[in-house]
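*Asks:* Below you'll find the structure I mean.
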Amino acid sequence: MPRPLLPLVIALIAGIATGYFLRLPDLPLLAAILLIFSFLFLSLIKNRASLILPLTACALFILGILNINYSLYRIPEVSHVVHHISKEKLTLEGIINEDPQESPDGKTVVVAARAIVKGDNYIPAEGLIMLSVPLPDVPLKYGDLIRMKTRLRMPHNFQNPGSFDYAKQLRGRGILVRGTIGNSSDIVLIREDQGNIFKMGLEGFRDRLRKIIAENATTPQREIILALLLGEKKLIPPTISEVFKRTGTSHILAISGLHVGMIASFSIFFALLFMKASPFLLLRFNAINAASFFALMPVAAYACIAGLGVSVVRAAIMIIVFLVAVLIRKEREMLNTLALAAFIILLFTPSALFDVSFQLSFAAVAALILTVPVLSNICTKSDADSGMIAPSLSGKVARHILLFIFVSLSATLGTLPLIAYYFNGISTVSLPANCVIVPLMGMLALPVGMAVIIATPLSTALAALLVKAASFFVETAMIAAGFLSSLPGAFLTVTTPSLPEIACYYLLLAVII
C-alpha cells in the first residue's frame, strides 16, 4: 500500500535534525529551495511524475533546516530585552502570557515584556522572559500586568555530556532570557485581566476546578488528579513520581496522546450508545462518522481545560487527525495519518522533534500501528487452526484481555530505547504495571475527571462527589504502583544507549515485524 507521506515526513525530520545540530546560512538554502521549486514546476508541466516525490522531499528537507533556523537563530529586534542583559537589576513591565507553572519551589511564569522603566522614562521593550518566583505567597495568574525588578541572564545548560539542551529548548519557544525574583517587594501587580478574553475565562474555570479538587482530595491524589485534568504535574511529590518511574508508568502523569485518545474513545462509545437508542438517527446518519465527529468537541474541550500547553496541543492534533481520517474513510491508512499529524506539528513547531513527550508519543503509536495487527493475526490464526469458528463469551473476554496486553507490550517495545536514553533506566515490571495502572488511571480516573469538568458549572456537590471517586481510583493505582515498584529488580539502571544503538534496535524490531 503506497504511503507517500512517510518519505516526505522523514525528509522534513532529517532537515530539522540537520539544522538543529549544524548552523547553516539561510541565503544558500533559500537559493537551493527556489531552484528545487523551479525543477518541480517543470516536472509538473512536463508530466514527469517520477521526479515529483524526490523533488518534494528535497524541498521539505531544506524547508526543515530553514524552519528550525528561524525557530532557534532568528535575530532579535533592537527593542528585545535580550539586548539589556547586564549584572545590574532592571525594572521591567510585562504581561503574564501563560498560566503560571507551580512547583514545591514556587512558581515559574512567562512574561511578555512591554517596557523597561528607568526613573520616569518608559523604554518600549519586547520579548519573552522566563521568570522564577520562589515565593509561594505571591499570587500570580495569566493576564496580570506586573512590574518586576530582576537581573536578566541568558539561560544556560548543565555541563554534563549528552545532557538535555535546556537553553535550546527555551529558544525554540521564543524565550531568550531568564530572571529571578528575590523577594516579594521586587514584583508588583499593576493591573489584572490584560490577556486574551477567552483564555482569561478559561483560566477562571481552571481556578474553580483547582479549588474543588483541592477541597475534596488529599495529597498526593490531589496532585495526580490536577496533572491528569489540568496538566500540572510539577506539583506531584518526587517520591510519587519515582514510584511511577520505577514501574514504567510515568507517561500516565503527563497529558499525552494516551489521555486525549482515551477521551476520544469514551466520547465515541457514548455517542454510539446514544445513536443505538434512536432508530431514526441510525437510519439517517453513519454511526461511526457521527460518533467520530462528536468526539472532536470533547477532545478540543479537554485540550482547552488542560491549558493548551505545547504537549497538550500536540496530542490533540494527533487525535483530531485520526478522527478526521475516520470521517473521510481513511482509517486503514494509519501510518499515513500518523505521518500527517507529525507533519502538521513539525511544520509549525519544529523544535517539538526534540521534545521527549513528542518522541515517546509517536514511537508508541507507531509501534501500536505496526505490531498490534501482527500479534492479533497470530491469535486469530491460532483460533482458526484449533477449529474455533464462533468464540464463546469467555473466549471473547480472553481475546480482549489479550489484545490489551498486546497494546501494552507494543507500546513498551516502541518506547524502550528512548526511555533508556532519557532516563537511564528500564522497568522490568512495565508490562504488568501498565496492564493494571493504565486501566485504573486512564479508563476510570480520567473519565470520572472529565465528568468533574462537566459537573462543575452545574453542581458543585456533584463535582465534589466525582472528585472523591476519581481520588479512589488514583489511590488504588498508587497502591498497585507502590507494590510493583517495591519488587526486587523492578527497575534496572542502564548506560545511555548511543544513537546508532537505538537505530539498530528499531531496525531489528522492524525486521521482526
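In the C-alpha cells, chains take letters A, B, ... by order of appearance, with residues numbered from 1 within each chain and ligands from 1 in the order shown.
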Run DSSP on the backbone and tell me which residues of segment 158-406 of chain A come out as strand (DSSP E); list them as a list in words.
*Replies:*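 The strand (DSSP E) residues within segment 158-406 of chain A come out as Ile175, Leu176, Val177, Arg178, Gly179, Thr180, Ile187, Val188, Leu189, Ile190 and Arg191 of chain A.
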*Asks:* Just the selected residues (C-alpha atoms), exported as an mmCIF file, in the first residue's frame, please.
*Replies:*
```cif
data_model
loop_
_atom_site.group_PDB
_atom_site.id
_atom_site.type_symbol
_atom_site.label_atom_id
_atom_site.label_comp_id
_atom_site.auth_asym_id
_atom_site.auth_seq_id
_atom_site.Cartn_x
_atom_site.Cartn_y
_atom_site.Cartn_z
ATOM 1 C CA ILE A 175 12.436 32.614 25.291
ATOM 2 C CA LEU A 176 15.933 34.127 25.213
ATOM 3 C CA VAL A 177 16.289 35.462 28.764
ATOM 4 C CA ARG A 178 15.596 34.426 32.332
ATOM 5 C CA GLY A 179 15.115 36.274 35.569
ATOM 6 C CA THR A 180 14.527 35.542 39.263
ATOM 7 C CA ILE A 187 7.255 42.222 41.985
ATOM 8 C CA VAL A 188 4.135 44.411 41.959
ATOM 9 C CA LEU A 189 0.743 43.779 40.377
ATOM 10 C CA ILE A 190 -0.308 46.830 38.321
ATOM 11 C CA ARG A 191 -3.496 45.595 36.636
#
```
*Asks:* Determine which residues of segment 205-242 of chain A receive a DSSP assignment of helix (DSSP H, G or I), computed from the backbone, and state them as a PyMOL selection string.
*Replies:* chain A and resi 205-216+221-230+233-235+238-242
*Asks:* Which of these, A:Pro139, A:Ile401, A:Phe61, A:Ile146, has the shortest distance to Ile96 of chain A once you count only C-alpha atoms?
*Replies:*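 Answer, going by the shortest atom-to-atom distance: A:Ile146.
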*Asks:* Please report the interatomic distance between atom CA of Ile116 of chain A and atom CA of Lys89 of chain A in Å with one decimal.
*Replies:*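 Going from atom CA of Ile116 of chain A over to atom CA of Lys89 of chain A, I get 11.1 Å.
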*Asks:* Show me a table, sorted first by chain and then by increasing residue number, of the residues of segment 116-213 of chain A having an atom at most 12 Å from segment 354-368 of chain A, each with its shortest atom pair and the distance in Å to one decimal, counting only C-alpha atoms and written as a Markdown table.
*Replies:*
```
| residue | atom | partner | partner_atom | distance |
| --- | --- | --- | --- | --- |
| A:Phe164 | CA | A:Phe354 | CA | 9.5 |
| A:Asp165 | CA | A:Phe354 | CA | 9.5 |
| A:Tyr166 | CA | A:Asp355 | CA | 10.6 |
| A:Lys168 | CA | A:Phe354 | CA | 9.9 |
| A:Gln169 | CA | A:Phe354 | CA | 8.2 |
| A:Leu170 | CA | A:Asp355 | CA | 11.3 |
| A:Gly172 | CA | A:Phe354 | CA | 10.0 |
| A:Arg173 | CA | A:Asp355 | CA | 11.6 |
```
*Asks:* Got a sec: who's within 8 Å of segment 431-434 of chain A, counting only C-alpha atoms, leaving out chain neighbours fewer than 6 positions off, as a PyMOL selection string?
*Replies:* chain A and resi 247-249+405+408-409+412+480-481+484
*Asks:* Distance atom CA of Pro373 of chain A-atom CA of Glu333 of chain A, one decimal place?
*Replies:*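 Going from atom CA of Pro373 of chain A over to atom CA of Glu333 of chain A, I get 13.2 Å.
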*Asks:* Go ahead and compute the interatomic distance for atom CA of Ala411 of chain A and atom CA of Phe270 of chain A, in Å to one decimal.
*Replies:*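 Those two atoms sit 26.0 Å apart.
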*Asks:* Of the candidates A:Val407, A:Pro25, A:Asn97, A:Thr415, which one gets nearest to Arg74 of chain A if we count only C-alpha atoms?
*Replies:*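 Closest to Arg74 of chain A of all the choices is A:Pro25.
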*Asks:* Need to verify the contact set: Met478 of chain A, 12 Å, only C-alpha atoms, exclusion of same-chain residues closer than 6 positions in sequence. Can you return it as a PyMOL selection string?
*Replies:* chain A and resi 219-221+224+239-244+247+249-250+252-253+433+436-438+440-441+445+471-472+484-485
*Asks:* With C-alpha atoms retained, export the selected residues as an mmCIF file, in the first residue's frame.
*Replies:*
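Done, and the output landed in again.cif:
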```
data_model
loop_
_atom_site.group_PDB
_atom_site.id
_atom_site.type_symbol
_atom_site.label_atom_id
_atom_site.label_comp_id
_atom_site.auth_asym_id
_atom_site.auth_seq_id
_atom_site.Cartn_x
_atom_site.Cartn_y
_atom_site.Cartn_z
ATOM 1 C CA THR A 219 -2.307 14.675 48.764
ATOM 2 C CA PRO A 220 -0.880 13.018 46.661
ATOM 3 C CA GLN A 221 -4.154 12.024 44.923
ATOM 4 C CA ILE A 224 -2.209 13.486 40.390
ATOM 5 C CA THR A 239 8.623 10.255 45.859
ATOM 6 C CA ILE A 240 5.403 9.537 43.945
ATOM 7 C CA SER A 241 6.998 10.415 40.611
ATOM 8 C CA GLU A 242 9.806 7.977 41.413
ATOM 9 C CA VAL A 243 7.313 5.166 42.082
ATOM 10 C CA PHE A 244 5.678 5.663 38.686
ATOM 11 C CA THR A 247 7.068 0.906 37.179
ATOM 12 C CA THR A 249 4.116 4.297 34.006
ATOM 13 C CA SER A 250 5.360 7.903 34.268
ATOM 14 C CA ILE A 252 0.248 8.416 32.652
ATOM 15 C CA LEU A 253 1.123 11.512 34.747
ATOM 16 C CA ALA A 433 2.165 -2.255 35.685
ATOM 17 C CA VAL A 436 -3.100 -2.552 35.880
ATOM 18 C CA ILE A 437 -2.362 1.166 36.242
ATOM 19 C CA VAL A 438 -3.425 2.398 32.772
ATOM 20 C CA LEU A 440 -7.298 2.439 36.655
ATOM 21 C CA MET A 441 -5.988 5.879 35.708
ATOM 22 C CA ALA A 445 -9.968 8.102 36.955
ATOM 23 C CA SER A 471 -9.375 10.052 44.085
ATOM 24 C CA PHE A 472 -10.329 6.461 44.995
ATOM 25 C CA LEU A 484 5.190 -3.366 41.882
ATOM 26 C CA SER A 485 7.945 -0.768 42.358
#
```
*Asks:* For Leu462 of chain A, which of A:Leu29, A:Ile212, A:Ala342, A:Val81 is the closest residue, counting only C-alpha atoms?
*Replies:*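 Among A:Leu29, A:Ile212, A:Ala342, A:Val81, it is A:Ile212 that comes nearest to Leu462 of chain A.
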*Asks:* Give me, as a PDB file with C-alpha atoms, in the first residue's frame, all polymer residues having an atom no more than 12 Å from segment 282-288 of chain A, counting only C-alpha atoms and skipping those fewer than 3 positions away in the same chain.
*Replies:*
```pdb
ATOM      1  CA  SER A 265     -12.652   6.683  22.750  1.00  0.00           C
ATOM      2  CA  SER A 267     -16.816  10.063  23.575  1.00  0.00           C
ATOM      3  CA  ILE A 268     -17.261   7.734  20.589  1.00  0.00           C
ATOM      4  CA  PHE A 269     -18.537   4.965  22.885  1.00  0.00           C
ATOM      5  CA  PHE A 270     -21.228   7.148  24.486  1.00  0.00           C
ATOM      6  CA  ALA A 271     -22.179   8.702  21.134  1.00  0.00           C
ATOM      7  CA  LEU A 272     -22.714   5.217  19.675  1.00  0.00           C
ATOM      8  CA  LEU A 273     -24.818   4.196  22.685  1.00  0.00           C
ATOM      9  CA  PHE A 274     -26.964   7.296  22.204  1.00  0.00           C
ATOM     10  CA  MET A 275     -27.394   6.630  18.478  1.00  0.00           C
ATOM     11  CA  LYS A 276     -28.286   2.972  19.013  1.00  0.00           C
ATOM     12  CA  ALA A 277     -31.150   4.120  21.219  1.00  0.00           C
ATOM     13  CA  SER A 278     -32.635   6.042  18.263  1.00  0.00           C
ATOM     14  CA  PRO A 279     -33.549   4.127  15.076  1.00  0.00           C
ATOM     15  CA  ALA A 291     -19.630   9.460  16.701  1.00  0.00           C
ATOM     16  CA  SER A 292     -16.176  10.470  15.398  1.00  0.00           C
ATOM     17  CA  PHE A 293     -17.450  13.956  14.562  1.00  0.00           C
ATOM     18  CA  PHE A 294     -18.976  14.259  18.030  1.00  0.00           C
ATOM     19  CA  ALA A 295     -15.662  13.194  19.622  1.00  0.00           C
ATOM     20  CA  LEU A 323     -10.678  11.269  13.835  1.00  0.00           C
ATOM     21  CA  VAL A 324     -10.723  13.190  10.555  1.00  0.00           C
ATOM     22  CA  ALA A 325      -9.170  10.140   8.852  1.00  0.00           C
ATOM     23  CA  VAL A 326     -12.144   8.093  10.082  1.00  0.00           C
ATOM     24  CA  LEU A 327     -14.565  10.748   8.805  1.00  0.00           C
ATOM     25  CA  ILE A 328     -13.071  10.665   5.293  1.00  0.00           C
ATOM     26  CA  ARG A 329     -12.833   6.848   5.395  1.00  0.00           C
ATOM     27  CA  GLU A 331      -8.929   4.819   8.849  1.00  0.00           C
TER      28      GLU A 331
END
```
*Asks:* Which polymer residues have any atom within 12 Å of an atom of Lys118 of chain A, counting only C-alpha atoms, with same-chain residues fewer than 3 positions away left out, as a list of chain:residue names?
*Replies:*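 Residues meeting the cut-off are A:Lys89, A:Leu90, A:Thr91, A:Leu92, A:Glu93, A:Ala115, A:Asn121, A:Tyr122, A:Ile123, A:Pro124, A:Lys149.
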*Asks:* Excluding Ile512 of chain A and its own-chain neighbours fewer than 5 positions away, which residues fall within 10 Å of it when counting only C-alpha atoms? Please give them as a compact mmCIF listing (two decimals) with C-alpha atoms, in the first residue's frame.
*Replies:*
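Written file, around16.txt:
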```
# COMPACT_ATOMS: atom_id res chain seq x y z
CA THR A 371 2.85 -4.59 15.88
CA TYR A 506 14.34 -0.12 15.75
CA LEU A 507 15.76 -1.72 12.59
```
